[in-house]
Each structure stands twice: as structure tokens, then as C-alpha cells.
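Structure first, then comments.
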Amino acid sequence: MKKSIFIFVMIVFILNTLFSSAIPQNSKIITLKNNNTYYTKSSNSDEKSQGHNTNVDTAPKIIASIPEEKIYLYALNEQEPWYQGLVLSIDGVNKFFNWKTLSMIEVPPKLYYLDLNNDDKKELVVILYEDRGTGISLNTMHIINPEDFTEYKFKNALDVIKDNVEIKILSKKEVEMKINDTIYNVKIGDVPPNLTAYYPIQVSDIFFKHYIKYSMEDNVLKARVGAEARPLKYLGDIIIDYSFKDDEFKANKIVFEGNPTVTVTTHKLNKTK
């Protein structure tokens, strides 16, 4: 019995020690709801809530961090298979976000801290996973202003595709994609039997559902969206590069990249004067 009590006390001590880097001692995270806005603050343990919906978690868990920048992302509540409700801490200032991410250790959230809009100030990119499996990857992206924790607007990948991509099914083996002023002709070739679980042998429709992956590559925000001809069978990917314009992050470049079993040819449309 004494041994169990000792182990429990040590676990509590370790968790509190981990969290103390962002939350002052003798304080705790207070999650408040005010006018449908959730936020957090450090509060002395004897502070009383004044008409707020208050939820306290004394042992949040670090799930991502950039320690050299004093940036930490904490999970307040684990509801398999997700962490529900996250606290972002930047230089000791904390805010609650009603975000969720998978609690699987294989897909931790990703944090990037860099200047994305050329204002000589760094922004924080938070990438979270909502689903993952064979042929499935769904994540979400948030771009945070670290000075006030506001989110920059950005056009999500599915809306970019809706506004910029047109698709025609020419036959069971051939698809035409128009992306802005470029035509992609996609022809399905021979698919080896061992790859038919991943790549389609024919096509009757194209949809975008199970693979939406945001990433940071060479300091450029990107989205890769799988073009499915059958559930979880991909002709290839729509790849979107983002840039900052008119106070939001928008698609700067959109291309199609075929899978190894298809042949892709492209040509530019003649622009009318």
C-alpha cells in the first residue's frame, strides 16, 4: 500500500514539474468560456470563478513543443482516439483552443515557427491529425499570430480544388484535369496485381476525401490532396503551395502529380487577349 502511494505521489510530482515551464508555480490552467470564446489564464488556486463556465485540469500533457522558443502544446483531455481541447503556450502566455488531434504516438502534432508573410515577425504553424490509417491521412492546419494568439485566414485545400480544378472523365482509362490554365491528361496504364489495392485499374469518377495532408517544405506551406478513383485508390495528388496575399494565405501554385502507374501529359491553354 505504501509503495502504491509513493508511486502515485512521484507521478503527480513529475507531471507538475513538466508543466511548470509554462505555468507558474502555485497556479493552474483555468479554461473559461466567455461569449463563445474559449481562453485560458494562469490563476492562483484560491481564485474564484465569477460567473464563468470553468473547467480545471491540474496535469495537462505536453504533446508538441519548440523548447528553445518557449512554445508548448498541451492536451487537456484524452478521449480515445483523440486529445480533445488543447492549450497553446508561448513564452508563458497560454490560450485554450477547441482543437482535437489523434492521441496516437506515431502522429504527434507538428509545430513550425518562422516568418511566413515577410513582416520580419515569426508566425506559428500548428498541424494536427484528425485521422490516419492505410491510405488515409487527414490533418488540419492553424496559423497563429504569437503576439495575440489570433489565427490567420487561409483557404483550405478542398476549397482551393473546388475553385481551381475541373475534371472530365474521358474513358475508363483516361481523365482530363484543368487546373487554372494547364490541362493534365491522365491515362491509366497496367497496374501490377500487387498494387491493385492502392491504385485504380479504371475510373468512373474522381473525388477528394481520405487524403488531405498539410506540411511545411523548404519554408513553404503545402497541401497534398489525394485524387481518388475508388475509395483509397489514388490516381495521384493535387499539390498546393500557399503564399500570403491580401491578409490571408492563398493558393500560389497548384499542380497534379500522378501515381507510378499513370502517364501524365500537360499543355497550356492559350490565353485570350
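Chain labels follow the order of the C-alpha cells: the first chain is A, the next B, and so on; residue numbering restarts at 1 in every chain, and ligands are counted from 1 in their shown order.
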
Give me the residues of segment 89-150 of chain A that have any atom at most 8 Å from an atom of segment 214-232 of chain A; for each, the nearest atom pair and the distance in Å, rounded to one decimal. Use only C-alpha atoms, sort by chain and number, and format it as JSON lines.
{"residue": "A:Tyr112", "atom": "CA", "partner": "A:Met216", "partner_atom": "CA", "distance": 7.8}
{"residue": "A:Leu114", "atom": "CA", "partner": "A:Asn219", "partner_atom": "CA", "distance": 7.9}
{"residue": "A:Leu116", "atom": "CA", "partner": "A:Asn219", "partner_atom": "CA", "distance": 7.6}
{"residue": "A:Ile127", "atom": "CA", "partner": "A:Tyr214", "partner_atom": "CA", "distance": 7.1}
{"residue": "A:Gly135", "atom": "CA", "partner": "A:Leu232", "partner_atom": "CA", "distance": 5.5}
{"residue": "A:Ile136", "atom": "CA", "partner": "A:Leu232", "partner_atom": "CA", "distance": 7.2}
{"residue": "A:Asn139", "atom": "CA", "partner": "A:Tyr214", "partner_atom": "CA", "distance": 6.6}
{"residue": "A:Thr140", "atom": "CA", "partner": "A:Tyr214", "partner_atom": "CA", "distance": 6.9}
{"residue": "A:Met141", "atom": "CA", "partner": "A:Tyr214", "partner_atom": "CA", "distance": 6.6}

Exercise. Considering only C-alpha atoms, return as a PyMOL selection string whatever protein or nucleic-acid residues lie within 12 Å of Tyr199 of chain A, sequence-local ones (same chain, fewer than 2 positions apart) excluded.
Key: chain A and resi 135+188-197+201-203+226-236+258-262

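Neighbours of Glu123 of chain A closer than or equal to 7 Å, with only C-alpha atoms counted and sequence neighbours fewer than 2 positions away skipped, come out as Tyr113, Leu114, Asp115, Leu116, Lys121, Val125, Ile143, Ile144, Asn145 and Pro146 of chain A.
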
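Shell of Thr266 of chain A at 10 Å, with only C-alpha atoms counted and residues fewer than 4 places along the chain excluded, is Glu176, Met177, Lys178, Thr182, Ile183, Tyr184, Asn185, Val186 and Phe256 of chain A.
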
Take the residues just selected and output them with all heavy atoms as a PDB file, in the first residue's frame.
ATOM      1  N   GLU A 176      -9.168  13.953 -67.798  1.00  0.00           N
ATOM      2  CA  GLU A 176      -8.593  15.262 -68.093  1.00  0.00           C
ATOM      3  C   GLU A 176      -8.845  16.188 -66.909  1.00  0.00           C
ATOM      4  O   GLU A 176      -9.970  16.318 -66.437  1.00  0.00           O
ATOM      5  CB  GLU A 176      -9.218  15.847 -69.354  1.00  0.00           C
ATOM      6  CG  GLU A 176      -8.642  17.201 -69.755  1.00  0.00           C
ATOM      7  CD  GLU A 176      -9.296  17.747 -71.003  1.00  0.00           C
ATOM      8  OE1 GLU A 176      -8.856  17.374 -72.113  1.00  0.00           O
ATOM      9  OE2 GLU A 176     -10.266  18.524 -70.863  1.00  0.00           O
ATOM     10  N   MET A 177      -7.778  16.810 -66.423  1.00  0.00           N
ATOM     11  CA  MET A 177      -7.887  17.776 -65.334  1.00  0.00           C
ATOM     12  C   MET A 177      -7.441  19.143 -65.828  1.00  0.00           C
ATOM     13  O   MET A 177      -6.352  19.272 -66.388  1.00  0.00           O
ATOM     14  CB  MET A 177      -6.996  17.378 -64.150  1.00  0.00           C
ATOM     15  CG  MET A 177      -7.422  16.147 -63.408  1.00  0.00           C
ATOM     16  SD  MET A 177      -6.434  15.935 -61.896  1.00  0.00           S
ATOM     17  CE  MET A 177      -7.043  14.352 -61.331  1.00  0.00           C
ATOM     18  N   LYS A 178      -8.272  20.129 -65.604  1.00  0.00           N
ATOM     19  CA  LYS A 178      -7.910  21.506 -65.918  1.00  0.00           C
ATOM     20  C   LYS A 178      -7.638  22.224 -64.600  1.00  0.00           C
ATOM     21  O   LYS A 178      -8.522  22.359 -63.753  1.00  0.00           O
ATOM     22  CB  LYS A 178      -9.030  22.206 -66.678  1.00  0.00           C
ATOM     23  CG  LYS A 178      -8.752  23.677 -66.980  1.00  0.00           C
ATOM     24  CD  LYS A 178      -9.904  24.290 -67.760  1.00  0.00           C
ATOM     25  CE  LYS A 178      -9.692  25.777 -67.992  1.00  0.00           C
ATOM     26  NZ  LYS A 178      -9.800  26.570 -66.741  1.00  0.00           N
ATOM     27  N   THR A 182      -3.719  25.151 -67.133  1.00  0.00           N
ATOM     28  CA  THR A 182      -2.982  23.953 -67.532  1.00  0.00           C
ATOM     29  C   THR A 182      -3.922  22.749 -67.615  1.00  0.00           C
ATOM     30  O   THR A 182      -4.734  22.525 -66.711  1.00  0.00           O
ATOM     31  CB  THR A 182      -1.846  23.638 -66.538  1.00  0.00           C
ATOM     32  OG1 THR A 182      -0.962  24.761 -66.466  1.00  0.00           O
ATOM     33  CG2 THR A 182      -1.059  22.408 -66.976  1.00  0.00           C
ATOM     34  N   ILE A 183      -3.810  21.994 -68.708  1.00  0.00           N
ATOM     35  CA  ILE A 183      -4.576  20.764 -68.883  1.00  0.00           C
ATOM     36  C   ILE A 183      -3.662  19.573 -68.600  1.00  0.00           C
ATOM     37  O   ILE A 183      -2.573  19.455 -69.174  1.00  0.00           O
ATOM     38  CB  ILE A 183      -5.138  20.642 -70.313  1.00  0.00           C
ATOM     39  CG1 ILE A 183      -6.087  21.802 -70.617  1.00  0.00           C
ATOM     40  CG2 ILE A 183      -5.854  19.299 -70.491  1.00  0.00           C
ATOM     41  CD1 ILE A 183      -7.362  21.791 -69.811  1.00  0.00           C
ATOM     42  N   TYR A 184      -4.109  18.700 -67.703  1.00  0.00           N
ATOM     43  CA  TYR A 184      -3.395  17.460 -67.404  1.00  0.00           C
ATOM     44  C   TYR A 184      -4.194  16.303 -67.995  1.00  0.00           C
ATOM     45  O   TYR A 184      -5.356  16.091 -67.638  1.00  0.00           O
ATOM     46  CB  TYR A 184      -3.256  17.252 -65.897  1.00  0.00           C
ATOM     47  CG  TYR A 184      -2.357  18.245 -65.203  1.00  0.00           C
ATOM     48  CD1 TYR A 184      -2.824  19.516 -64.868  1.00  0.00           C
ATOM     49  CD2 TYR A 184      -1.048  17.918 -64.868  1.00  0.00           C
ATOM     50  CE1 TYR A 184      -2.007  20.432 -64.228  1.00  0.00           C
ATOM     51  CE2 TYR A 184      -0.218  18.832 -64.228  1.00  0.00           C
ATOM     52  CZ  TYR A 184      -0.707  20.084 -63.909  1.00  0.00           C
ATOM     53  OH  TYR A 184       0.101  20.992 -63.271  1.00  0.00           O
ATOM     54  N   ASN A 185      -3.583  15.563 -68.900  1.00  0.00           N
ATOM     55  CA  ASN A 185      -4.199  14.359 -69.445  1.00  0.00           C
ATOM     56  C   ASN A 185      -3.604  13.160 -68.713  1.00  0.00           C
ATOM     57  O   ASN A 185      -2.388  12.945 -68.735  1.00  0.00           O
ATOM     58  CB  ASN A 185      -3.945  14.251 -70.946  1.00  0.00           C
ATOM     59  CG  ASN A 185      -4.662  13.057 -71.556  1.00  0.00           C
ATOM     60  OD1 ASN A 185      -4.096  11.977 -71.649  1.00  0.00           O
ATOM     61  ND2 ASN A 185      -5.910  13.251 -71.957  1.00  0.00           N
ATOM     62  N   VAL A 186      -4.465  12.397 -68.043  1.00  0.00           N
ATOM     63  CA  VAL A 186      -4.014  11.304 -67.178  1.00  0.00           C
ATOM     64  C   VAL A 186      -4.542   9.990 -67.736  1.00  0.00           C
ATOM     65  O   VAL A 186      -5.759   9.793 -67.845  1.00  0.00           O
ATOM     66  CB  VAL A 186      -4.513  11.501 -65.730  1.00  0.00           C
ATOM     67  CG1 VAL A 186      -3.955  10.408 -64.824  1.00  0.00           C
ATOM     68  CG2 VAL A 186      -4.145  12.884 -65.213  1.00  0.00           C
ATOM     69  N   PHE A 256      -0.748  18.842 -60.497  1.00  0.00           N
ATOM     70  CA  PHE A 256      -1.144  17.447 -60.300  1.00  0.00           C
ATOM     71  C   PHE A 256       0.072  16.558 -60.492  1.00  0.00           C
ATOM     72  O   PHE A 256       0.871  16.755 -61.418  1.00  0.00           O
ATOM     73  CB  PHE A 256      -2.234  17.031 -61.288  1.00  0.00           C
ATOM     74  CG  PHE A 256      -2.580  15.560 -61.212  1.00  0.00           C
ATOM     75  CD1 PHE A 256      -3.370  15.071 -60.190  1.00  0.00           C
ATOM     76  CD2 PHE A 256      -2.091  14.667 -62.157  1.00  0.00           C
ATOM     77  CE1 PHE A 256      -3.674  13.720 -60.102  1.00  0.00           C
ATOM     78  CE2 PHE A 256      -2.390  13.317 -62.087  1.00  0.00           C
ATOM     79  CZ  PHE A 256      -3.182  12.841 -61.055  1.00  0.00           C
TER      80      PHE A 256
END

Quiz item: Excluding same-chain residues fewer than 6 positions from Asp247 of chain A, what lies within 12 Å of it counting only C-alpha atoms, as a VMD selection string?
Solution: chain A and resid 116 to 119 151 to 155

Could you save those same residues with C-alpha atoms as a JSON list (two decimals), in the first residue's frame?
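Listing of selection-v6.json after writing:
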[["chain", "number", "residue", "atom", "x", "y", "z"],
["A", 116, "LEU", "CA", 5.71, 33.28, -43.48],
["A", 117, "ASN", "CA", 4.36, 36.67, -44.57],
["A", 118, "ASN", "CA", 7.61, 38.66, -44.80],
["A", 119, "ASP", "CA", 6.78, 41.07, -41.99],
["A", 151, "GLU", "CA", -5.49, 32.83, -36.37],
["A", 152, "TYR", "CA", -4.60, 33.93, -39.87],
["A", 153, "LYS", "CA", -7.13, 33.12, -42.54],
["A", 154, "PHE", "CA", -6.17, 30.50, -45.08],
["A", 155, "LYS", "CA", -8.14, 28.79, -47.81]]

Exercise. Find the spatial neighbours of Pro60 of chain A, counting only C-alpha atoms, within a cut-off of 6 Å - ignore same-chain residues fewer than 3 positions away - and output them as a count of residues only.
Key: 3
